[in-house]
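Source file: data04.csv; contents: CSV, C-alpha atoms.
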```csv
chain,number,residue,atom,x,y,z
A,523,MET,CA,94.3,112.9,97.7
A,524,GLU,CA,93.2,116.4,98.8
A,525,LEU,CA,91.8,115.1,102.1
A,526,LEU,CA,95.3,114.1,103.3
A,527,LYS,CA,96.2,117.8,103.3
A,528,TYR,CA,93.8,118.4,106.1
A,529,PHE,CA,95.1,115.4,108.1
A,530,LYS,CA,98.5,116.9,107.8
A,531,LYS,CA,97.3,120.2,109.3
A,532,LEU,CA,95.9,118.2,112.3
A,533,LYS,CA,99.1,116.1,112.5
A,534,TRP,CA,99.1,115.3,116.2
A,535,GLU,CA,95.3,114.6,116.5
A,536,PHE,CA,95.7,112.4,113.4
A,537,LEU,CA,98.7,110.5,114.8
A,538,LEU,CA,96.9,109.9,118.1
A,539,VAL,CA,94.0,108.3,116.4
A,540,LEU,CA,96.3,106.1,114.3
A,541,PHE,CA,98.2,105.1,117.4
A,542,LEU,CA,95.0,104.1,119.3
A,543,ILE,CA,93.7,102.2,116.2
A,544,ILE,CA,96.9,100.2,115.8
A,545,VAL,CA,97.2,99.4,119.6
A,546,ASN,CA,93.5,98.3,119.6
A,547,ALA,CA,94.2,96.0,116.7
A,548,GLY,CA,97.0,94.5,118.7
A,549,PHE,CA,94.7,93.6,121.6
A,550,LEU,CA,92.2,91.9,119.2
A,551,ILE,CA,95.0,89.8,117.7
A,552,LEU,CA,96.3,88.9,121.3
A,553,ALA,CA,92.8,87.6,122.1
A,554,GLY,CA,92.9,85.4,119.0
A,555,ILE,CA,96.4,84.0,119.9
A,556,SER,CA,95.2,83.3,123.4
A,557,SER,CA,92.2,81.4,122.1
A,558,ALA,CA,94.5,79.2,119.9
A,559,ASN,CA,96.9,78.5,122.7
A,560,ALA,CA,94.1,77.8,125.1
A,561,LEU,CA,92.8,75.1,122.8
A,562,SER,CA,96.2,73.6,122.4
A,563,ALA,CA,96.7,73.5,126.2
A,564,VAL,CA,93.3,71.8,126.8
A,565,ALA,CA,94.1,69.3,124.1
A,566,LYS,CA,97.2,68.4,126.1
A,567,LEU,CA,95.3,68.4,129.4
A,568,ARG,CA,97.4,71.3,130.8
A,569,ALA,CA,94.8,73.0,133.1
A,570,ALA,CA,97.0,75.8,134.5
A,571,GLU,CA,98.2,76.8,131.0
A,572,PHE,CA,94.7,76.7,129.7
A,573,PHE,CA,93.3,79.0,132.4
A,574,MET,CA,96.3,81.4,132.0
A,575,TRP,CA,95.5,81.8,128.3
A,576,VAL,CA,91.8,82.2,129.0
A,577,ALA,CA,92.6,85.0,131.5
A,578,ILE,CA,94.8,86.7,129.0
A,579,MET,CA,92.1,86.5,126.3
A,580,GLY,CA,89.6,88.0,128.7
A,581,GLY,CA,91.9,90.8,129.6
A,582,ALA,CA,92.7,91.5,125.9
A,583,TYR,CA,89.0,91.8,125.1
A,584,ILE,CA,88.3,94.1,128.0
A,585,THR,CA,91.2,96.4,127.0
A,586,TYR,CA,90.1,96.3,123.4
A,587,ALA,CA,86.6,97.6,124.5
A,588,ILE,CA,88.1,100.4,126.5
A,589,VAL,CA,90.6,101.5,123.8
A,590,ASN,CA,87.8,101.3,121.2
A,591,CYS,CA,85.8,103.8,123.2
A,592,LEU,CA,88.8,106.2,123.1
A,593,VAL,CA,89.2,105.6,119.4
A,594,ASN,CA,85.6,106.6,118.8
A,595,VAL,CA,85.9,109.8,120.8
A,596,GLU,CA,89.2,110.9,119.2
A,597,GLN,CA,88.0,110.0,115.7
A,598,THR,CA,84.9,112.1,116.2
A,599,ARG,CA,87.1,115.0,117.4
A,600,LEU,CA,89.4,114.6,114.4
A,601,SER,CA,86.4,114.4,111.9
A,602,GLN,CA,84.8,117.6,113.3
A,603,ASN,CA,88.1,119.5,113.1
A,604,VAL,CA,88.6,118.3,109.5
A,605,ASP,CA,85.1,119.4,108.7
A,606,LYS,CA,85.8,122.8,110.1
A,607,LEU,CA,89.0,123.2,108.1
A,608,ILE,CA,87.2,122.2,104.8
A,609,ARG,CA,84.4,124.7,105.5
A,610,ASN,CA,87.0,127.3,106.4
A,611,SER,CA,88.8,126.6,103.1
A,612,ILE,CA,85.6,127.0,101.1
A,613,ALA,CA,84.6,130.1,102.9
A,614,THR,CA,88.0,131.7,102.4
A,615,ASP,CA,87.8,131.0,98.6
A,616,LEU,CA,84.3,132.5,98.5
A,617,SER,CA,85.5,135.6,100.3
A,618,LYS,CA,88.2,136.1,97.7
A,619,ALA,CA,86.0,135.3,94.7
A,620,ASN,CA,84.9,138.1,92.4
A,621,TYR,CA,81.3,138.7,91.5
A,622,ALA,CA,81.3,136.6,88.3
A,623,THR,CA,83.0,133.7,90.0
A,624,PHE,CA,80.7,133.7,93.0
A,625,HIS,CA,77.6,133.6,90.9
A,626,LYS,CA,78.7,130.7,88.8
A,627,GLN,CA,76.9,128.6,91.5
A,628,THR,CA,73.8,129.4,93.4
A,629,VAL,CA,73.8,130.2,97.1
A,630,ALA,CA,71.9,126.9,97.7
A,631,THR,CA,74.6,125.0,95.9
A,632,TYR,CA,77.2,126.5,98.2
A,633,SER,CA,75.0,125.6,101.1
A,634,SER,CA,74.9,122.0,99.9
A,635,TRP,CA,78.7,121.9,99.6
A,636,LEU,CA,79.0,123.1,103.2
A,637,THR,CA,76.5,120.6,104.6
A,638,ASN,CA,75.6,117.6,102.4
A,639,ASP,CA,79.0,117.3,100.8
A,640,ILE,CA,80.8,117.6,104.1
A,641,THR,CA,78.7,114.7,105.4
A,642,THR,CA,79.6,112.7,102.3
A,643,ILE,CA,83.3,113.4,102.9
A,644,ASN,CA,82.9,112.4,106.6
A,645,ASN,CA,81.3,109.1,105.7
A,646,PHE,CA,83.2,108.1,102.6
A,647,GLY,CA,86.5,109.9,103.3
A,648,ILE,CA,87.5,110.3,106.9
A,649,THR,CA,85.6,107.3,108.3
A,650,ASP,CA,86.7,105.0,105.5
A,651,PHE,CA,90.3,106.1,105.6
A,652,LEU,CA,90.6,105.4,109.3
A,653,MET,CA,88.8,102.1,108.9
A,654,ILE,CA,91.4,101.1,106.3
A,655,VAL,CA,94.2,101.9,108.8
A,656,ARG,CA,92.4,99.6,111.3
A,657,GLN,CA,92.0,96.9,108.7
A,658,ILE,CA,95.6,97.0,107.6
A,659,SER,CA,96.8,96.8,111.2
A,660,GLU,CA,94.7,93.7,111.9
A,661,ILE,CA,95.8,92.1,108.6
A,662,VAL,CA,99.5,92.6,109.3
A,663,PHE,CA,99.2,91.3,112.9
A,664,GLY,CA,97.1,88.4,111.7
A,665,MET,CA,99.6,87.4,109.0
A,666,LEU,CA,102.5,87.5,111.4
A,667,THR,CA,100.5,85.2,113.7
A,668,LEU,CA,99.7,82.8,110.9
A,669,ALA,CA,103.4,82.8,110.0
A,670,TYR,CA,104.1,81.7,113.6
A,671,PHE,CA,101.7,78.8,113.2
A,672,ASN,CA,103.0,77.8,109.7
A,673,ILE,CA,104.6,79.9,107.0
A,674,SER,CA,102.6,78.1,104.2
A,675,LEU,CA,99.4,79.7,105.5
A,676,VAL,CA,100.9,83.2,104.8
A,677,VAL,CA,101.8,82.2,101.2
A,678,THR,CA,98.2,81.2,100.6
A,679,VAL,CA,96.9,84.4,102.2
A,680,VAL,CA,99.2,86.5,100.0
A,681,VAL,CA,97.9,84.8,96.8
A,682,LEU,CA,94.3,85.2,97.8
A,683,THR,CA,95.0,88.8,98.8
A,684,VAL,CA,96.2,89.6,95.3
A,685,ILE,CA,93.0,88.2,93.8
A,686,MET,CA,90.9,90.1,96.2
A,687,GLY,CA,92.7,93.3,95.4
A,688,ILE,CA,92.3,93.0,91.6
A,689,VAL,CA,88.7,92.1,91.2
A,690,PRO,CA,86.9,94.9,93.1
A,691,ASN,CA,89.2,97.5,91.5
A,692,MET,CA,87.2,97.1,88.3
A,693,PHE,CA,84.3,99.0,89.9
A,694,SER,CA,86.3,102.0,91.1
A,695,LYS,CA,85.5,104.4,88.3
A,696,ILE,CA,81.8,103.8,88.1
A,697,LEU,CA,81.6,104.1,92.0
A,698,ALA,CA,83.3,107.5,91.8
A,699,LYS,CA,80.9,108.6,89.1
A,700,ARG,CA,77.9,107.5,91.1
A,701,SER,CA,79.2,109.3,94.1
A,702,LEU,CA,79.5,112.6,92.2
A,703,GLU,CA,76.1,112.2,90.6
A,704,TYR,CA,74.7,111.7,94.1
A,705,THR,CA,76.2,115.0,95.4
A,706,HIS,CA,74.9,116.9,92.3
A,707,ALA,CA,71.4,115.5,93.0
A,708,ASN,CA,71.6,116.8,96.5
A,709,GLU,CA,72.6,120.2,95.2
A,710,ARG,CA,69.6,120.3,92.9
A,711,LEU,CA,67.3,119.4,95.8
A,712,VAL,CA,68.7,122.2,97.9
A,713,ASN,CA,68.4,124.6,95.0
A,714,THR,CA,64.8,123.6,94.3
A,715,ILE,CA,63.8,123.9,97.9
A,716,ASN,CA,65.3,127.4,98.1
A,717,ASP,CA,63.7,128.5,94.9
A,718,ILE,CA,60.3,127.2,95.5
A,719,LEU,CA,60.1,128.5,99.1
A,720,ASN,CA,61.4,131.9,98.1
A,721,GLY,CA,58.7,132.0,95.4
A,722,PHE,CA,55.9,131.2,97.9
A,723,ASN,CA,54.3,134.7,97.7
A,724,THR,CA,54.1,134.6,93.9
A,725,LEU,CA,52.7,131.1,93.9
A,726,PHE,CA,50.1,132.0,96.6
A,727,LEU,CA,48.9,135.0,94.6
A,728,ALA,CA,48.7,132.8,91.5
A,729,ASN,CA,46.7,130.2,93.4
A,730,LEU,CA,49.4,127.6,92.6
A,731,PRO,CA,50.5,126.4,96.1
A,732,GLN,CA,50.5,122.7,94.9
A,733,THR,CA,53.6,123.6,92.8
A,734,ILE,CA,55.6,123.5,96.0
A,735,VAL,CA,54.7,119.8,96.5
A,736,LYS,CA,55.2,118.9,92.9
A,737,LYS,CA,58.7,120.5,92.6
A,738,ILE,CA,60.0,119.1,95.9
A,739,ASP,CA,58.6,115.7,95.1
A,740,GLY,CA,60.4,115.8,91.7
A,741,SER,CA,63.7,116.7,93.3
A,742,SER,CA,63.2,114.1,96.0
A,743,ASP,CA,62.7,111.5,93.3
A,744,ASP,CA,66.0,112.7,91.6
A,745,VAL,CA,67.9,112.2,94.8
A,746,LYS,CA,66.3,108.8,95.4
A,747,LYS,CA,67.3,107.7,91.9
A,748,HIS,CA,70.9,108.6,92.3
A,749,THR,CA,71.1,107.3,95.8
A,750,LEU,CA,69.8,103.9,94.6
A,751,ASN,CA,72.2,104.0,91.7
A,752,TYR,CA,75.1,104.5,94.1
A,753,SER,CA,73.7,101.8,96.5
A,754,LYS,CA,73.4,99.3,93.7
A,755,THR,CA,77.0,99.8,92.5
A,756,ALA,CA,78.4,99.7,96.0
A,757,GLY,CA,76.3,96.7,96.8
A,758,ILE,CA,77.6,94.7,93.8
A,759,THR,CA,81.2,95.7,94.7
A,760,GLN,CA,80.7,94.6,98.3
A,761,ALA,CA,78.9,91.4,97.4
A,762,ILE,CA,81.8,90.3,95.2
A,763,THR,CA,84.5,91.1,97.8
A,764,ASN,CA,82.5,89.4,100.5
A,765,GLY,CA,82.1,86.3,98.4
A,766,LEU,CA,85.8,86.2,97.7
A,767,ALA,CA,86.5,86.6,101.5
A,768,PHE,CA,84.2,83.7,102.4
A,769,ILE,CA,85.8,81.4,99.9
A,770,SER,CA,89.3,82.4,101.0
A,771,GLN,CA,88.4,81.6,104.7
A,772,VAL,CA,87.3,78.1,103.6
A,773,ILE,CA,90.5,77.5,101.7
A,774,ILE,CA,92.6,78.6,104.8
A,775,LEU,CA,90.5,76.4,107.1
A,776,GLY,CA,91.0,73.4,104.7
A,777,GLN,CA,94.7,74.0,104.5
A,778,THR,CA,95.0,74.2,108.3
A,779,GLY,CA,93.2,70.9,108.7
A,780,TRP,CA,95.6,69.3,106.3
A,781,LEU,CA,98.6,70.6,108.3
A,782,ILE,CA,97.2,69.3,111.6
A,783,LEU,CA,96.4,65.9,110.1
A,784,HIS,CA,100.1,65.7,109.0
A,785,HIS,CA,101.3,66.8,112.4
A,786,LEU,CA,102.9,70.0,110.9
A,787,THR,CA,101.1,72.4,113.4
A,788,PRO,CA,99.5,72.2,116.8
A,789,VAL,CA,95.7,71.4,117.2
A,790,GLY,CA,95.1,74.9,118.5
A,791,THR,CA,96.0,76.3,115.0
A,792,ILE,CA,92.6,75.3,113.8
A,793,SER,CA,91.0,77.9,116.1
A,794,GLY,CA,93.7,80.5,115.4
A,795,ALA,CA,93.7,80.0,111.7
A,796,GLN,CA,89.9,80.2,111.6
A,797,PHE,CA,90.0,83.4,113.7
A,798,PHE,CA,92.8,85.1,111.8
A,799,ALA,CA,91.6,84.0,108.4
A,800,SER,CA,88.1,85.4,109.1
A,801,THR,CA,89.8,88.6,110.4
A,802,ILE,CA,92.2,88.9,107.5
A,803,PHE,CA,89.7,88.3,104.7
A,804,ALA,CA,86.9,90.2,106.2
A,805,GLU,CA,89.2,93.2,106.6
A,806,LEU,CA,90.6,92.7,103.0
A,807,SER,CA,87.0,92.7,101.8
A,808,GLY,CA,86.4,95.8,103.8
A,809,ILE,CA,89.5,97.5,102.5
A,810,SER,CA,88.6,96.8,98.9
A,811,PHE,CA,85.2,98.4,99.4
A,812,ASN,CA,86.3,101.2,101.6
A,813,TRP,CA,89.1,102.1,99.3
A,814,GLN,CA,86.7,102.5,96.4
A,815,GLU,CA,84.5,104.7,98.6
A,816,PHE,CA,87.4,106.7,99.7
A,817,LYS,CA,88.5,107.4,96.1
A,818,SER,CA,85.0,108.3,95.2
A,819,ILE,CA,85.3,111.6,97.2
A,820,LYS,CA,88.1,112.9,94.9
A,821,PRO,CA,85.7,114.5,92.4
A,822,ILE,CA,83.8,116.1,95.3
A,823,MET,CA,87.1,117.7,96.7
A,824,GLU,CA,88.0,118.7,93.1
A,825,LYS,CA,84.7,120.5,92.8
A,826,PHE,CA,85.5,122.8,95.7
A,827,LYS,CA,88.5,124.0,93.8
A,828,SER,CA,86.3,125.6,91.2
A,829,ILE,CA,85.8,128.6,93.4
A,830,SER,CA,89.5,129.5,93.5
A,831,ASN,CA,90.2,128.8,89.8
A,832,LYS,CA,91.5,131.9,88.0
A,833,GLN,CA,88.7,133.7,86.3
A,834,SER,CA,88.7,136.5,83.8
A,835,GLU,CA,88.6,140.0,85.3
A,836,PRO,CA,85.3,141.7,85.4
A,837,HIS,CA,84.9,144.6,82.9
A,838,SER,CA,85.9,147.9,84.4
A,839,ILE,CA,83.4,150.7,84.4
A,840,SER,CA,85.9,153.4,85.3
A,841,ASN,CA,85.8,154.8,81.7
A,842,TRP,CA,82.1,154.6,81.2
A,843,GLN,CA,80.6,157.9,80.2
A,844,LEU,CA,77.1,159.2,80.2
A,845,GLY,CA,77.8,161.8,77.5
A,846,LYS,CA,75.4,164.9,78.0
A,847,LEU,CA,73.0,163.0,80.2
A,848,GLY,CA,72.8,164.4,83.8
A,849,LEU,CA,70.6,164.7,86.9
A,850,LYS,CA,69.7,167.9,88.6
A,851,ASN,CA,67.6,168.9,91.6
A,852,VAL,CA,66.7,165.3,92.4
A,853,SER,CA,64.7,164.6,95.6
A,854,TYR,CA,62.5,161.9,97.1
A,855,SER,CA,59.7,161.7,99.7
A,856,LEU,CA,57.8,158.9,101.5
A,857,CYS,CA,54.3,158.1,100.0
```

Mind turning this structure into structure tokens?
Amino acid sequence: MELLKYFKKLKWEFLLVLFLIIVNAGFLILAGISSANALSAVAKLRAAEFFMWVAIMGGAYITYAIVNCLVNVEQTRLSQNVDKLIRNSIATDLSKANYATFHKQTVATYSSWLTNDITTINNFGITDFLMIVRQISEIVFGMLTLAYFNISLVVTVVVLTVIMGIVPNMFSKILAKRSLEYTHANERLVNTINDILNGFNTLFLANLPQTIVKKIDGSSDDVKKHTLNYSKTAGITQAITNGLAFISQVIILGQTGWLILHHLTPVGTISGAQFFASTIFAELSGISFNWQEFKSIKPIMEKFKSISNKQSEPHSISNWQLGKLGLKNVSYSLC
């Protein structure tokens, strides 16, 4: 993925954000473990142990909130620096383009690339990628904790994970297509706005000012149509993954109850399993959807490369001759 190239250029900022995300996931899992152990302690009427785990849980949540604030700040810094690098890359390619290459797109289209498309990359690329890192961290910690309670819970989670990974993948191509169509609609809107406003004087003289409203409304409807198409596809994908996640949580809860009834795991596992199952499958649901969104920016990044593609050289005019035609005693004056 082209976006990873920009993460590599900002290696230390990127690694700092990853580190904070993983540490934060650890504190969230610690809170879940504390909750399960607190329930087991109170079931055995061990007051001191119960309040110890409650205190640990409270401390974990407070630390999670503090680190989460740091994550948001550093993630924003990283996103802005990636945006700057992408804009710089596009600007550099434009500065090296010949006349024919530059005019393959309108100025408004390039403006859309540098604004609307950057926003799309931010939302579907950078944010989704870092969210996937967070989700993977919480899933790994959660599965290790479930293994501590009972290894059979992990086996069930793995089977359900495979199912959740296969089903949403069927929508990846259409989601990428909808994303590209959405960016093209934004380009057309920016082009229309520029063209119609640049032609204001002509429309005013021709007594056709309402054309401005008509053209902009038409392009707005175009953007609306493709935004809704993307939203529908994304919504169906997310609904399916969420449904699978909810069913998976119920299966894990049922299995945990069966293990407790057969004295194969402590009572507190019911709380821990419910917490970690909801975390794992909610994050798996999110990963499936976020991964599809992340892959949907690939055509957008590929589009930027069109500027630097090798183009045919412009025709040279060095040998152009005027024959016997010439100019002599030419002057001008202000009217």

*Please identify all polymer residues within 12 Å of Thr801 in chain A, counting all atoms listed in the file, omitting same-chain residues fewer than 2 positions from it, and present them as JSON, numbers by chain.*
{"A": [547, 550, 551, 554, 656, 657, 658, 659, 660, 661, 662, 663, 664, 665, 667, 668, 679, 767, 768, 770, 771, 774, 794, 795, 796, 797, 798, 799, 803, 804, 805, 806, 807, 808, 809]}

Kindly save the residues from that selection, with C-alpha atoms included, as a short mmCIF file (atom, residue, chain, number, x, y, z; two decimals), keeping the file's coordinate frame.
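The file below, out_18.cif, is the result:
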```
data_model
loop_
_atom_site.label_atom_id
_atom_site.label_comp_id
_atom_site.auth_asym_id
_atom_site.auth_seq_id
_atom_site.Cartn_x
_atom_site.Cartn_y
_atom_site.Cartn_z
CA ALA A 547 94.20 96.00 116.70
CA LEU A 550 92.20 91.90 119.20
CA ILE A 551 95.00 89.80 117.70
CA GLY A 554 92.90 85.40 119.00
CA ARG A 656 92.40 99.60 111.30
CA GLN A 657 92.00 96.90 108.70
CA ILE A 658 95.60 97.00 107.60
CA SER A 659 96.80 96.80 111.20
CA GLU A 660 94.70 93.70 111.90
CA ILE A 661 95.80 92.10 108.60
CA VAL A 662 99.50 92.60 109.30
CA PHE A 663 99.20 91.30 112.90
CA GLY A 664 97.10 88.40 111.70
CA MET A 665 99.60 87.40 109.00
CA THR A 667 100.50 85.20 113.70
CA LEU A 668 99.70 82.80 110.90
CA VAL A 679 96.90 84.40 102.20
CA ALA A 767 86.50 86.60 101.50
CA PHE A 768 84.20 83.70 102.40
CA SER A 770 89.30 82.40 101.00
CA GLN A 771 88.40 81.60 104.70
CA ILE A 774 92.60 78.60 104.80
CA GLY A 794 93.70 80.50 115.40
CA ALA A 795 93.70 80.00 111.70
CA GLN A 796 89.90 80.20 111.60
CA PHE A 797 90.00 83.40 113.70
CA PHE A 798 92.80 85.10 111.80
CA ALA A 799 91.60 84.00 108.40
CA PHE A 803 89.70 88.30 104.70
CA ALA A 804 86.90 90.20 106.20
CA GLU A 805 89.20 93.20 106.60
CA LEU A 806 90.60 92.70 103.00
CA SER A 807 87.00 92.70 101.80
CA GLY A 808 86.40 95.80 103.80
CA ILE A 809 89.50 97.50 102.50
#
```

*Separation of CA of Val595 in chain A from CA of Pro821 in chain A, in Å and rounded to one decimal*: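 A separation of 28.8 Å between them.
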
Neighbouring residues of Ile715 in chain A were defined as those with any atom within 12 Å, considering only C-alpha atoms; residues of the same chain fewer than 6 positions away were excluded. Please report them as a PDB file with C-alpha atoms, in the coordinates of the input.
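Contents of around.pdb, as written:
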```pdb
ATOM      1  CA  VAL A 629      73.800 130.200  97.100  1.00  0.00           C
ATOM      2  CA  ALA A 630      71.900 126.900  97.700  1.00  0.00           C
ATOM      3  CA  THR A 631      74.600 125.000  95.900  1.00  0.00           C
ATOM      4  CA  SER A 633      75.000 125.600 101.100  1.00  0.00           C
ATOM      5  CA  SER A 634      74.900 122.000  99.900  1.00  0.00           C
ATOM      6  CA  ASN A 708      71.600 116.800  96.500  1.00  0.00           C
ATOM      7  CA  GLU A 709      72.600 120.200  95.200  1.00  0.00           C
ATOM      8  CA  GLY A 721      58.700 132.000  95.400  1.00  0.00           C
ATOM      9  CA  PHE A 722      55.900 131.200  97.900  1.00  0.00           C
ATOM     10  CA  THR A 733      53.600 123.600  92.800  1.00  0.00           C
ATOM     11  CA  ILE A 734      55.600 123.500  96.000  1.00  0.00           C
ATOM     12  CA  VAL A 735      54.700 119.800  96.500  1.00  0.00           C
ATOM     13  CA  LYS A 736      55.200 118.900  92.900  1.00  0.00           C
ATOM     14  CA  LYS A 737      58.700 120.500  92.600  1.00  0.00           C
ATOM     15  CA  ILE A 738      60.000 119.100  95.900  1.00  0.00           C
ATOM     16  CA  ASP A 739      58.600 115.700  95.100  1.00  0.00           C
ATOM     17  CA  GLY A 740      60.400 115.800  91.700  1.00  0.00           C
ATOM     18  CA  SER A 741      63.700 116.700  93.300  1.00  0.00           C
ATOM     19  CA  SER A 742      63.200 114.100  96.000  1.00  0.00           C
TER      20      SER A 742
END
```

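What separates CA of Thr778 in chain A from CA of Thr678 in chain A is a distance of 10.9 Å.
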
*asked:* Measuring between only C-alpha atoms, which one of A:Asp639, A:Asp605, A:Glu571, A:Glu596 shows the shortest distance to Tyr528 in chain A?
replied: A:Asp605

*Val564 in chain A surroundings by all atoms listed in the file, 12 Å radius, close-in-sequence under 4 positions cut, as a ChimeraX atom specification*: /A:557-560,568-576,788-790

*Would you mind telling me which residue in A:Gln732, A:Gln602, A:Thr614, A:Thr649 lies nearest to Ile718 in chain A when using only C-alpha atoms?*
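The answer is A:Gln732, which sits nearest to Ile718 in chain A.
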
*Go through A:Gly779, A:Leu711, A:Ala728, A:Asn720 and flag the residue nearest Asp743 in chain A, using only C-alpha atoms for the distances.*
A:Leu711

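Note that CA of Asn644 in chain A and CA of Val593 in chain A are 15.8 Å apart.
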